[in-house]
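Structure first, commentary second.
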Amino acid sequence: MHSFAEPSRRKSRKHFCSSCAVLRNHLFSFLMLSVIYVAILVLTTVITSWSIPALVKKIVYESNGYPLMYYSSRLKELCIIDFREMNDAFRDVKGNVYPRSQYDSLLPLMNYRQLAMNGNLPDSLEGYAMDVKVLRSKQVVYRFRPSDVYSPQPKMGVLLEAMPKRGSLSLPGDYFRMNDNEMVFVNAETNSVNDAKSKMFTDELLKKGFEFPAKAFWGNPTVRKAYEEGYFCLDNKGELFHVKMVNGRPFVKNTGVSKQVDVKWFVMREVSDKRFYGYLFGQNGELGIVESNDDGGYRFIKMDVRPVDITKDDITIMGNLLYWTVRIYNSESMDCYGLKTSTLESLTTYHQEKEIGTWDRVADIVFPVILSPSSPDNGYINCYVLHFSASAWILSVILALLVFVFMRKRLALQKNLIVSAVVALTGITGVIAFILLPKNRFE
């Protein structure tokens with residue numbers, strides 16, 4: 001009797017193991033299908049969260065950018081120059097409208113070339129002679145974008161001769177890099193280190209108090225400029241040094257501006273009149289210029305403007321002999337300032353909120369989140385979240401409930417919950433992504 005029971009037990013164990021294997025295979029297949037389903041749904045939703053809003057924006061978009069502004073030396077006020085709004089006129093910030101025929105004469109420091117061609121350039125303005133060469137040398141035009149900060153900063157620089165013997169700038173045939181404890185010059189053709197030149201510049205840096213490693217260095221490595229001012233280097237202590245090559249020898253000097261401002265960013269600009277070296281941005285939002293003082297030193301002159309966030313603010317500077325016009329703007333608002341050239345003190349200000357257009361209203365209502373492979377703040381391809389809207393979540397939740405109700409008989413509960421959650425997070429783009437999936441992917 002015992003001999004008949006033993007085969008029966010072995011057969012039962014074999015059947016049980018076989019059933020477990022089948023269950024395990026079914027469970028594994030179910031999990032894999034669920035993972036694949038979720039991956040396809042998420043990928044499709046990401047694509048629609050970019051493509052659908054982009055398509056809608058193309059359809060309803062209307063231009064609502066900020067106008068060009070310029071401080072008038074005649075009116076002593078900021079003028080709004082937007083011929084899209086008024087084809088035959090422009091106005092000042094107080095609302096006074098002027099015919100376009102007076103455009104050149106009311107903005108003589110901006111349109112001096114046209115006035116000179118017509119023979120209408122005044123002889124003097126506020127006690128200054130209106131000489132075309134002087135006006136040209138005093139013109140300042142600069143634009144800063146947040147993408148300038150996000151762009152890769154070169155790990156090497158080119159130090160030109162500041163006093164070339166033949167008068168024109170030329171490439172030196174080598175480049176430099178800042179190592180952890182020295183400044184290294186490398187021959188561009190042979191890729192070999194110039195030990196003598198490297199030691200000469202490193203010793204001079206250390207002698208003047210420079211502490212390695214350098215946090216950053218900024219210059220303008222091109223020969224297409226009138227003169228060479230080398231580089232401004234931020235050392236490990238946060239001190240800003242001026243480094244250039246004069247007659248083949250190092251010129252190194254601590255600017256001392258770090259006593260006035262905690263340096264965050266610097267933009268080298270060899271301007272025509274040699275008044276200043278470049279624009280300096282501080283850690284606390286300061287914006288100003290670094291210029292020479294009477295005793296051969298350096299000083300930071302802060303612009304009388306609001307704090308600047310270099311990661312999101314665009315800045316345009318248009319300067320002339322007497323006044324500078326500075327615009328600071330982003331996706332929310334614009335602030336414009338008329339500054340006195342000599343002191344950069346504010347004479348007048350203007351604030352404008354960004355106009356809410358059709359696209360902005362549609363986005364706030366329909367799209368809780370908008371994704372994009374590009375960003376207006378930098379040129380890198382990535383997955384960026386460009387828009388969040390709390391009011392659009394209401395529509396998203398309603399759509400998610402509708403999807404859950406209508407698909408409860410066609411979808412397994414688990415998949416129905418996943419789809420509803422995606423729709424609740426992404427709204428109409430999630431619904432479109434779900435519709436685009438083949439039937440055998442969601443039934």
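Chain lettering (A, B, ...) mirrors the order of the structure tokens, residue numbering begins at 1 for each chain separately, and ligand numbering begins at 1 in order of display.
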
Backbone DSSP call of strand (DSSP E) for stretch 156-381 of chain A, listed as a ChimeraX atom specification
/A:156-157,174-178,183-187,216-219,231-234,240-246,249-254,263-268,276-282,287-292,298-302,314-319,323-329,333-340,346-353,369-372

Per-residue nearest contacts of stretch 39-108 of chain A to stretch 112-134 of chain A (9 Å; only C-alpha atoms) as a tab-separated table:
```
residue	atom	partner	partner_atom	distance
A:Ser73	CA	A:Leu125	CA	8.3
A:Arg74	CA	A:Leu125	CA	8.9
A:Asp104	CA	A:Leu115	CA	6.8
A:Ser105	CA	A:Leu115	CA	7.5
A:Leu107	CA	A:Tyr112	CA	8.2
A:Pro108	CA	A:Tyr112	CA	5.2
```

Given only C-alpha atoms as the basis, pick out the residue of A:Gly427, A:Pro164, A:Gly282, A:Pro213 nearest to A:Met303.
A:Gly282

Using only C-alpha atoms, which protein or nucleic acid residues come within 9 Å of A:Asn378? Drop anything in the same chain fewer than 4 positions from it, and give the result as a ChimeraX atom specification.
/A:145-151,374

Restricting it to C-alpha atoms, dump the selection as a JSON list (two decimals), in the first residue's frame.
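Resulting contents of part_15.json:
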```json
[["chain", "number", "residue", "atom", "x", "y", "z"],
["A", 145, "ARG", "CA", 21.05, 86.89, -22.65],
["A", 146, "PRO", "CA", 20.76, 84.18, -19.99],
["A", 147, "SER", "CA", 22.05, 81.76, -22.62],
["A", 148, "ASP", "CA", 25.42, 83.52, -22.30],
["A", 149, "VAL", "CA", 25.70, 82.06, -18.81],
["A", 150, "TYR", "CA", 24.47, 78.58, -19.73],
["A", 151, "SER", "CA", 26.75, 78.30, -22.76],
["A", 374, "SER", "CA", 14.44, 73.67, -26.02]]
```

What lies within 12 Å of stretch 352-365 of chain A using only C-alpha atoms, ignoring chain neighbours under 3 positions off, as a ChimeraX atom specification?
/A:49,52-67,69,80,93,327-337,349,368-370,386-396,427-429

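The residue that comes closest to A:Thr202, out of A:Pro250, A:Asn187, A:Gln153, A:His242 and on the basis of only C-alpha atoms, is A:Pro250.
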
Looking only at the backbone, which of the residues in stretch 231-368 of chain A does DSSP tag as helix (DSSP H, G or I), as an MDAnalysis selection string?
chainID A and resid 257:259 358:366

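Closest approach to A:Lys244 from the set A:Leu321, A:Val385, A:Met407, A:Met163 is made by A:Met163, with distances taken over only C-alpha atoms.
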
Could you jot down the atom CA of A:Leu78 to atom CA of A:Phe281 separation for me, Å, one decimal place?
24.6 Å

Excluding A:Tyr98 and its own-chain neighbours fewer than 4 positions away, which residues fall within 6 Å of it when counting only C-alpha atoms? Please give them as number ranges by chain.
A: 89-91

Restricted to N, CA and C atoms, what would the selected residues look like written as a short mmCIF file (atom, residue, chain, number, x, y, z; two decimals), in the first residue's frame?
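Written out: result-v3.cif:
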```
data_model
loop_
_atom_site.label_atom_id
_atom_site.label_comp_id
_atom_site.auth_asym_id
_atom_site.auth_seq_id
_atom_site.Cartn_x
_atom_site.Cartn_y
_atom_site.Cartn_z
N ALA A 89 3.77 107.47 -35.91
CA ALA A 89 4.03 108.25 -34.71
C ALA A 89 4.73 107.40 -33.65
N PHE A 90 5.30 108.07 -32.66
CA PHE A 90 5.83 107.39 -31.48
C PHE A 90 5.49 108.26 -30.27
N ARG A 91 5.74 107.78 -29.11
CA ARG A 91 5.31 108.50 -27.91
C ARG A 91 6.32 108.37 -26.80
#
```

Neighbouring residues of stretch 265-279 of chain A were defined as those with any atom within 9 Å, considering only C-alpha atoms; residues of the same chain fewer than 2 positions away were excluded. Please report them as a VMD selection string.
chain A and resid 134 136 to 140 149 216 to 220 225 to 232 263 281 to 283 287 to 292 310

Just the selected residues (N, CA and C atoms), exported as a PDB file, in the first residue's frame, please.
```pdb
ATOM      1  N   VAL A 134      33.187 111.777 -32.513  1.00  0.00           N
ATOM      2  CA  VAL A 134      33.043 111.654 -31.055  1.00  0.00           C
ATOM      3  C   VAL A 134      31.773 110.896 -30.705  1.00  0.00           C
ATOM      4  N   ARG A 136      30.254 108.700 -32.493  1.00  0.00           N
ATOM      5  CA  ARG A 136      30.433 107.291 -32.816  1.00  0.00           C
ATOM      6  C   ARG A 136      31.254 106.580 -31.743  1.00  0.00           C
ATOM      7  N   SER A 137      32.297 107.209 -31.254  1.00  0.00           N
ATOM      8  CA  SER A 137      33.155 106.583 -30.242  1.00  0.00           C
ATOM      9  C   SER A 137      32.451 106.430 -28.900  1.00  0.00           C
ATOM     10  N   LYS A 138      31.464 107.267 -28.651  1.00  0.00           N
ATOM     11  CA  LYS A 138      30.747 107.213 -27.375  1.00  0.00           C
ATOM     12  C   LYS A 138      29.529 106.289 -27.415  1.00  0.00           C
ATOM     13  N   GLN A 139      29.228 105.757 -28.571  1.00  0.00           N
ATOM     14  CA  GLN A 139      28.076 104.861 -28.674  1.00  0.00           C
ATOM     15  C   GLN A 139      28.371 103.528 -27.993  1.00  0.00           C
ATOM     16  N   VAL A 140      27.402 103.066 -27.234  1.00  0.00           N
ATOM     17  CA  VAL A 140      27.497 101.777 -26.551  1.00  0.00           C
ATOM     18  C   VAL A 140      26.250 100.977 -26.885  1.00  0.00           C
ATOM     19  N   VAL A 149      25.222  82.705 -20.041  1.00  0.00           N
ATOM     20  CA  VAL A 149      25.699  82.061 -18.814  1.00  0.00           C
ATOM     21  C   VAL A 149      25.669  80.550 -18.947  1.00  0.00           C
ATOM     22  N   ALA A 216      37.220  81.564 -12.493  1.00  0.00           N
ATOM     23  CA  ALA A 216      36.760  81.871 -13.854  1.00  0.00           C
ATOM     24  C   ALA A 216      37.691  82.910 -14.460  1.00  0.00           C
ATOM     25  N   PHE A 217      37.666  82.996 -15.777  1.00  0.00           N
ATOM     26  CA  PHE A 217      38.371  84.086 -16.453  1.00  0.00           C
ATOM     27  C   PHE A 217      37.585  84.473 -17.695  1.00  0.00           C
ATOM     28  N   TRP A 218      37.589  85.776 -17.981  1.00  0.00           N
ATOM     29  CA  TRP A 218      36.773  86.312 -19.075  1.00  0.00           C
ATOM     30  C   TRP A 218      37.625  87.209 -19.964  1.00  0.00           C
ATOM     31  N   GLY A 219      37.477  87.071 -21.254  1.00  0.00           N
ATOM     32  CA  GLY A 219      38.190  87.910 -22.199  1.00  0.00           C
ATOM     33  C   GLY A 219      37.443  87.996 -23.506  1.00  0.00           C
ATOM     34  N   ASN A 220      38.099  88.550 -24.498  1.00  0.00           N
ATOM     35  CA  ASN A 220      37.510  88.699 -25.828  1.00  0.00           C
ATOM     36  C   ASN A 220      38.547  88.255 -26.850  1.00  0.00           C
ATOM     37  N   LYS A 225      39.101  93.783 -33.249  1.00  0.00           N
ATOM     38  CA  LYS A 225      38.821  94.844 -32.294  1.00  0.00           C
ATOM     39  C   LYS A 225      39.953  95.854 -32.364  1.00  0.00           C
ATOM     40  N   ALA A 226      39.709  97.032 -31.803  1.00  0.00           N
ATOM     41  CA  ALA A 226      40.668  98.130 -31.943  1.00  0.00           C
ATOM     42  C   ALA A 226      41.903  97.949 -31.070  1.00  0.00           C
ATOM     43  N   TYR A 227      41.759  97.326 -29.928  1.00  0.00           N
ATOM     44  CA  TYR A 227      42.877  97.172 -28.992  1.00  0.00           C
ATOM     45  C   TYR A 227      42.638  95.960 -28.106  1.00  0.00           C
ATOM     46  N   GLU A 228      43.639  95.600 -27.332  1.00  0.00           N
ATOM     47  CA  GLU A 228      43.594  94.391 -26.501  1.00  0.00           C
ATOM     48  C   GLU A 228      43.743  94.755 -25.027  1.00  0.00           C
ATOM     49  N   GLU A 229      42.843  94.244 -24.210  1.00  0.00           N
ATOM     50  CA  GLU A 229      42.922  94.460 -22.757  1.00  0.00           C
ATOM     51  C   GLU A 229      43.068  93.154 -21.988  1.00  0.00           C
ATOM     52  N   GLY A 230      43.347  92.063 -22.672  1.00  0.00           N
ATOM     53  CA  GLY A 230      43.641  90.815 -21.990  1.00  0.00           C
ATOM     54  C   GLY A 230      42.432  90.166 -21.358  1.00  0.00           C
ATOM     55  N   TYR A 231      42.629  89.671 -20.121  1.00  0.00           N
ATOM     56  CA  TYR A 231      41.594  88.914 -19.414  1.00  0.00           C
ATOM     57  C   TYR A 231      41.408  89.447 -18.003  1.00  0.00           C
ATOM     58  N   PHE A 232      40.197  89.246 -17.498  1.00  0.00           N
ATOM     59  CA  PHE A 232      39.918  89.484 -16.084  1.00  0.00           C
ATOM     60  C   PHE A 232      39.695  88.123 -15.439  1.00  0.00           C
ATOM     61  N   VAL A 263      31.875  89.438  -6.956  1.00  0.00           N
ATOM     62  CA  VAL A 263      31.816  89.207  -8.399  1.00  0.00           C
ATOM     63  C   VAL A 263      31.153  87.856  -8.709  1.00  0.00           C
ATOM     64  N   PHE A 281      28.667  91.740 -13.096  1.00  0.00           N
ATOM     65  CA  PHE A 281      27.444  91.320 -12.426  1.00  0.00           C
ATOM     66  C   PHE A 281      27.807  90.789 -11.041  1.00  0.00           C
ATOM     67  N   GLY A 282      27.098  91.259 -10.016  1.00  0.00           N
ATOM     68  CA  GLY A 282      27.380  90.847  -8.646  1.00  0.00           C
ATOM     69  C   GLY A 282      26.485  89.720  -8.180  1.00  0.00           C
ATOM     70  N   GLN A 283      26.903  89.080  -7.106  1.00  0.00           N
ATOM     71  CA  GLN A 283      26.142  87.968  -6.538  1.00  0.00           C
ATOM     72  C   GLN A 283      24.776  88.404  -6.028  1.00  0.00           C
ATOM     73  N   LEU A 287      24.609  95.371 -11.128  1.00  0.00           N
ATOM     74  CA  LEU A 287      25.040  95.498 -12.529  1.00  0.00           C
ATOM     75  C   LEU A 287      25.770  96.819 -12.672  1.00  0.00           C
ATOM     76  N   GLY A 288      26.951  96.772 -13.267  1.00  0.00           N
ATOM     77  CA  GLY A 288      27.716  98.001 -13.439  1.00  0.00           C
ATOM     78  C   GLY A 288      28.879  97.794 -14.377  1.00  0.00           C
ATOM     79  N   ILE A 289      29.771  98.767 -14.408  1.00  0.00           N
ATOM     80  CA  ILE A 289      30.942  98.701 -15.273  1.00  0.00           C
ATOM     81  C   ILE A 289      32.206  98.820 -14.430  1.00  0.00           C
ATOM     82  N   VAL A 290      33.300  98.271 -14.947  1.00  0.00           N
ATOM     83  CA  VAL A 290      34.623  98.423 -14.339  1.00  0.00           C
ATOM     84  C   VAL A 290      35.408  99.383 -15.216  1.00  0.00           C
ATOM     85  N   GLU A 291      35.809 100.510 -14.640  1.00  0.00           N
ATOM     86  CA  GLU A 291      36.551 101.500 -15.400  1.00  0.00           C
ATOM     87  C   GLU A 291      37.810 101.915 -14.664  1.00  0.00           C
ATOM     88  N   SER A 292      38.682 102.601 -15.364  1.00  0.00           N
ATOM     89  CA  SER A 292      39.913 103.098 -14.758  1.00  0.00           C
ATOM     90  C   SER A 292      39.620 104.375 -13.981  1.00  0.00           C
ATOM     91  N   ILE A 310      20.830  86.980 -13.674  1.00  0.00           N
ATOM     92  CA  ILE A 310      21.427  86.659 -14.971  1.00  0.00           C
ATOM     93  C   ILE A 310      20.961  85.320 -15.518  1.00  0.00           C
TER      94      ILE A 310
END
```

Separation of atom CA of A:Phe241 and atom CA of A:Gly297, in Å?
11.5 Å

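Among the candidate residues A:Leu206, A:Leu234, A:Leu106, A:Met245, the one lying nearest to A:Leu159 is A:Met245, with distances computed using only C-alpha atoms.
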